[in-house]
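Colleague: If you scroll down you'll find the structure; I have some questions about it.
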Amino acid sequence: GACCSYRLRDALHPLWQSPLTIPGGTRQSPINIQWRDSVYDPFLKPLKISYDPTTCLHIWNNGYSFLVEFDDSADRSIIIGGPLENQYRLKQFHFHWGAVNDWGSEHTVDCKFYPAELHLVHWNAVEYLSFEEAVMEGNGLAVIGVFLKLGARHEGLQTLVDALPAVRHKDTVIEFDVFDPSCLLPSCPDYWTYAGSLTTPPLTESVTWIIKKKPIEVDEDQLEAFRTLLFTSHGEEERRMVDNFRPLQPLMDRTVRSSFR
Ligand SMILES: Cc1ccnc(S(N)(=O)=O)n1
Ligand SMILES: [Zn+2]
């Protein structure tokens, strides 16, 4: 590929002992987004996002990342429009980041890594009864990806950063009862979209990816706070939670569409 040296297919990835590539996988994520190869689709609608901050439940460390989970028992925090044919409910959001600022994102743009990437995970509650069911279906999930770049301090992110010491170890959780994830989205509506997969187990090919063109800015201290988290549980030998991103996957027979010229 343009900028990706795919290692042996089916080699195991050290981070989560899962295959680098799914045997027979034709729509794996993440990918490099080659800006000039993306195709403007004038029929793509604006993405409509409506989150209810009181659906926020807790923040926890699951040993891959830290995630903020939401009450998805009703249509209270939803997205609709964009490339989506149904309404999708917010389930959780989490991040991927590097040990240093030179890498950390899962997707790349023209082979450029960002220091981190936010994923807001939603499931198709119109056609399926649960997230677990939707995970197995081609149109089951929609994940909004937002790149983080080094710059000004992000006040909205800071409330998350302040909670991280309480979830330093794997399988620790704290209540987090009001947070509006919209504050983590760039104001620019432009996005790329393509058919892909989850980037951590079960790696199922069930995700409509919506990658925002514009990054949000966070400062060095905020990125460093991510890096103080641990992959390991209390009592285990400490391993810093860094480089929790999956290697780039082959584009294969896919086209990335853009919502902008
Ligand atoms: C909920 C979930 C599970 C696994 N992987 C992802 S991700 N990184 O593709 O958003 N999300
Ligand atoms: Zn993710």
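So you can find residues: chains in the structure tokens are A, B, ... in the order shown, residues in each start at 1, and ligands are numbered from 1 in order.
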Compute the set of protein, DNA and RNA residues whose minimum atom distance to ligand 2 is at most 12 Å, using only C-alpha atoms and all ligand atoms, and state it as a PyMOL selection string.
Modeller: chain A and resi 29-30+64-67+92-97+104-107+116-122+142-147+197-203+207+209+211+244-246
Colleague: Can you write out the residues you just picked, keeping C-alpha atoms, as a tab-separated table (two decimals), in the first residue's frame?
Modeller:
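Output file again.tsv follows:
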chain	number	residue	atom	x	y	z
A	29	SER	CA	-10.00	-0.91	9.90
A	30	PRO	CA	-8.08	1.33	10.39
A	64	TYR	CA	-7.33	-1.50	26.00
A	65	SER	CA	-8.32	2.16	26.55
A	66	PHE	CA	-10.41	4.27	28.90
A	67	LEU	CA	-14.02	4.56	27.92
A	92	GLN	CA	-19.54	4.68	24.50
A	93	PHE	CA	-16.54	6.71	23.48
A	94	HIS	CA	-12.84	6.00	23.97
A	95	PHE	CA	-9.44	7.01	22.63
A	96	HIS	CA	-6.28	5.55	21.04
A	97	TRP	CA	-2.89	7.24	21.54
A	104	GLY	CA	-1.07	7.32	18.17
A	105	SER	CA	-4.07	7.64	15.85
A	106	GLU	CA	-5.55	4.55	14.19
A	107	HIS	CA	-6.51	6.16	10.87
A	116	ALA	CA	-4.43	10.43	19.30
A	117	GLU	CA	-7.90	9.56	17.95
A	118	LEU	CA	-11.34	9.66	19.60
A	119	HIS	CA	-13.99	7.04	18.71
A	120	LEU	CA	-17.68	7.64	19.47
A	121	VAL	CA	-19.38	4.25	19.08
A	122	HIS	CA	-23.07	4.04	18.11
A	142	ALA	CA	-21.44	3.75	13.26
A	143	VAL	CA	-18.23	5.14	14.75
A	144	ILE	CA	-17.30	8.82	14.55
A	145	GLY	CA	-13.53	9.26	14.52
A	146	VAL	CA	-12.00	12.57	15.60
A	147	PHE	CA	-8.26	13.25	15.36
A	197	SER	CA	-14.57	-2.87	11.09
A	198	LEU	CA	-13.94	-2.62	14.80
A	199	THR	CA	-10.23	-2.10	15.42
A	200	THR	CA	-10.13	-4.13	18.64
A	201	PRO	CA	-11.66	-7.56	19.27
A	202	PRO	CA	-14.06	-8.84	17.97
A	203	LEU	CA	-12.81	-6.89	14.86
A	207	VAL	CA	-18.81	-0.33	11.20
A	209	TRP	CA	-16.81	4.90	9.78
A	211	ILE	CA	-13.95	10.35	10.15
A	244	ASN	CA	-3.06	1.13	21.87
A	245	PHE	CA	-3.75	1.48	18.14
A	246	ARG	CA	-4.11	-1.24	15.53
Colleague: According to DSSP computed on the backbone, where in segment 11-251 of chain A is there alpha helix (DSSP H)? Give the residues as an MDAnalysis selection string.
Modeller: chainID A and resid 131:134 155:161 220:226
Colleague: Since we have the selection now, will you write its residues out, keeping all heavy atoms, as a short mmCIF file (atom, residue, chain, number, x, y, z; two decimals), in the first residue's frame?
Modeller:
data_model
loop_
_atom_site.label_atom_id
_atom_site.label_comp_id
_atom_site.auth_asym_id
_atom_site.auth_seq_id
_atom_site.Cartn_x
_atom_site.Cartn_y
_atom_site.Cartn_z
N PHE A 131 -26.69 -3.69 21.41
CA PHE A 131 -25.35 -3.43 20.83
C PHE A 131 -24.71 -4.75 20.44
O PHE A 131 -24.14 -4.87 19.34
CB PHE A 131 -24.51 -2.69 21.87
CG PHE A 131 -23.08 -2.57 21.49
CD1 PHE A 131 -22.68 -1.61 20.58
CD2 PHE A 131 -22.12 -3.42 22.03
CE1 PHE A 131 -21.35 -1.50 20.21
CE2 PHE A 131 -20.80 -3.31 21.66
CZ PHE A 131 -20.41 -2.36 20.75
N GLU A 132 -24.82 -5.75 21.33
CA GLU A 132 -24.17 -7.05 21.08
C GLU A 132 -24.67 -7.69 19.79
O GLU A 132 -23.91 -8.32 19.07
CB GLU A 132 -24.42 -7.99 22.27
CG GLU A 132 -23.62 -7.63 23.52
CD GLU A 132 -24.12 -6.33 24.19
OE1 GLU A 132 -25.30 -5.98 24.00
OE2 GLU A 132 -23.30 -5.67 24.88
N GLU A 133 -25.98 -7.51 19.51
CA GLU A 133 -26.52 -8.05 18.25
C GLU A 133 -26.01 -7.23 17.07
O GLU A 133 -25.57 -7.75 16.05
CB GLU A 133 -28.05 -8.01 18.30
CG GLU A 133 -28.72 -8.60 17.07
CD GLU A 133 -30.24 -8.33 17.03
OE1 GLU A 133 -30.83 -7.99 18.09
OE2 GLU A 133 -30.81 -8.42 15.93
N ALA A 134 -26.01 -5.92 17.23
CA ALA A 134 -25.62 -5.01 16.13
C ALA A 134 -24.15 -5.21 15.73
O ALA A 134 -23.79 -5.08 14.55
CB ALA A 134 -25.86 -3.57 16.55
N GLU A 155 -10.71 22.48 27.15
CA GLU A 155 -11.40 22.56 28.44
C GLU A 155 -12.40 21.40 28.63
O GLU A 155 -12.50 20.84 29.72
CB GLU A 155 -12.11 23.91 28.59
CG GLU A 155 -11.14 25.08 28.77
CD GLU A 155 -10.07 24.82 29.85
OE1 GLU A 155 -10.37 24.13 30.86
OE2 GLU A 155 -8.92 25.25 29.66
N GLY A 156 -13.09 21.02 27.58
CA GLY A 156 -14.06 19.91 27.71
C GLY A 156 -13.38 18.61 28.03
O GLY A 156 -13.83 17.82 28.87
N LEU A 157 -12.23 18.38 27.39
CA LEU A 157 -11.47 17.14 27.65
C LEU A 157 -10.93 17.11 29.08
O LEU A 157 -10.79 16.03 29.68
CB LEU A 157 -10.31 17.03 26.65
CG LEU A 157 -9.49 15.75 26.72
CD1 LEU A 157 -10.28 14.56 26.15
CD2 LEU A 157 -8.17 15.88 25.98
N GLN A 158 -10.68 18.30 29.63
CA GLN A 158 -10.04 18.36 30.95
C GLN A 158 -10.89 17.67 32.03
O GLN A 158 -10.35 17.05 32.94
CB GLN A 158 -9.74 19.81 31.34
CG GLN A 158 -8.79 19.93 32.54
CD GLN A 158 -7.46 19.19 32.32
OE1 GLN A 158 -6.93 19.14 31.22
NE2 GLN A 158 -6.94 18.58 33.40
N THR A 159 -12.20 17.73 31.90
CA THR A 159 -13.03 17.05 32.92
C THR A 159 -12.79 15.54 32.88
O THR A 159 -12.81 14.86 33.90
CB THR A 159 -14.54 17.32 32.68
OG1 THR A 159 -14.81 17.16 31.31
CG2 THR A 159 -14.91 18.72 33.09
N LEU A 160 -12.52 15.01 31.66
CA LEU A 160 -12.17 13.57 31.55
C LEU A 160 -10.78 13.33 32.14
O LEU A 160 -10.57 12.40 32.93
CB LEU A 160 -12.13 13.13 30.09
CG LEU A 160 -13.41 13.01 29.31
CD1 LEU A 160 -13.12 12.57 27.88
CD2 LEU A 160 -14.31 12.00 29.98
N VAL A 161 -9.84 14.20 31.77
CA VAL A 161 -8.45 14.04 32.24
C VAL A 161 -8.39 14.04 33.76
O VAL A 161 -7.69 13.23 34.38
CB VAL A 161 -7.57 15.16 31.63
CG1 VAL A 161 -6.22 15.25 32.32
CG2 VAL A 161 -7.38 14.94 30.13
N GLU A 220 -0.14 19.21 25.60
CA GLU A 220 0.83 18.15 25.95
C GLU A 220 0.47 17.48 27.27
O GLU A 220 0.52 16.27 27.41
CB GLU A 220 2.24 18.77 26.02
CG GLU A 220 3.34 17.81 26.44
CD GLU A 220 3.56 16.70 25.42
OE1 GLU A 220 3.46 16.96 24.21
OE2 GLU A 220 3.82 15.54 25.85
N ASP A 221 0.08 18.29 28.26
CA ASP A 221 -0.25 17.71 29.58
C ASP A 221 -1.45 16.76 29.47
O ASP A 221 -1.51 15.74 30.16
CB ASP A 221 -0.58 18.83 30.57
CG ASP A 221 0.65 19.65 30.93
OD1 ASP A 221 1.79 19.15 30.69
OD2 ASP A 221 0.50 20.77 31.43
N GLN A 222 -2.39 17.10 28.60
CA GLN A 222 -3.57 16.25 28.45
C GLN A 222 -3.20 14.92 27.79
O GLN A 222 -3.65 13.86 28.22
CB GLN A 222 -4.65 17.00 27.68
CG GLN A 222 -5.19 18.21 28.48
CD GLN A 222 -6.23 19.01 27.73
OE1 GLN A 222 -6.06 19.33 26.54
NE2 GLN A 222 -7.32 19.35 28.43
N LEU A 223 -2.33 14.99 26.77
CA LEU A 223 -1.87 13.73 26.14
C LEU A 223 -1.06 12.92 27.15
O LEU A 223 -1.20 11.69 27.24
CB LEU A 223 -1.03 14.03 24.90
CG LEU A 223 -1.80 14.47 23.66
CD1 LEU A 223 -0.85 14.96 22.57
CD2 LEU A 223 -2.67 13.34 23.13
N GLU A 224 -0.22 13.61 27.93
CA GLU A 224 0.60 12.89 28.93
C GLU A 224 -0.30 12.21 29.97
O GLU A 224 0.01 11.12 30.44
CB GLU A 224 1.56 13.86 29.63
CG GLU A 224 2.88 14.04 28.92
CD GLU A 224 3.60 12.71 28.66
OE1 GLU A 224 3.64 11.86 29.59
OE2 GLU A 224 4.08 12.52 27.53
N ALA A 225 -1.43 12.82 30.27
CA ALA A 225 -2.35 12.21 31.25
C ALA A 225 -2.86 10.87 30.72
O ALA A 225 -2.95 9.89 31.48
CB ALA A 225 -3.51 13.16 31.52
N PHE A 226 -3.13 10.80 29.40
CA PHE A 226 -3.55 9.50 28.82
C PHE A 226 -2.48 8.44 29.09
O PHE A 226 -2.75 7.29 29.41
CB PHE A 226 -3.74 9.61 27.30
CG PHE A 226 -4.95 10.35 26.82
CD1 PHE A 226 -5.71 11.15 27.66
CD2 PHE A 226 -5.34 10.26 25.48
CE1 PHE A 226 -6.83 11.84 27.19
CE2 PHE A 226 -6.45 10.94 25.00
CZ PHE A 226 -7.20 11.72 25.85
#
Colleague: How many Å lie between atom CA of Cys111 of chain A and atom CA of Gln249 of chain A, rounded to one decimal?
Modeller: 12.4 Å
Colleague: Suppose you want the space between atom CA of Val256 of chain A and atom CA of Thr26 of chain A; what is it in Å?
Modeller: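 If I compute the distance from atom CA of Val256 of chain A to atom CA of Thr26 of chain A, I get 14.3 Å.
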Colleague: Give me, as a PyMOL selection string, the residues of segment 119-231 of chain A that a backbone DSSP run labels strand (DSSP E or B).
Modeller: chain A and resi 119-124+141-150+173-175+191-196+207-212+216-218+230
Colleague: Find the distance between atom CA of Pro189 of chain A and atom CA of Leu84 of chain A and write it in Å to one decimal.
Modeller: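 Interatomic distance here is 15.1 Å.
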Colleague: Within 8 Å of segment 178-182 of chain A, counting only C-alpha atoms, which residues show up once you throw out same-chain ones fewer than 2 positions away? Write them as a PyMOL selection string, please.
Modeller: chain A and resi 49+51-57+176+184-185
Colleague: Show which residues sit within 8 Å of Lys149 of chain A, as a list in words. Count only C-alpha atoms, and ignore same-chain residues fewer than 3 positions away.
Modeller: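 Within the cut-off, the hits are Tyr114, Pro115, Ala116, Pro215, Ile216, Glu217 and Val218 of chain A.
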Colleague: Nearest to ligand 1: which of A:Glu127, A:Glu238, A:Asp75, A:Glu205 is it, counting only C-alpha atoms and all ligand atoms?
Modeller: A:Glu205
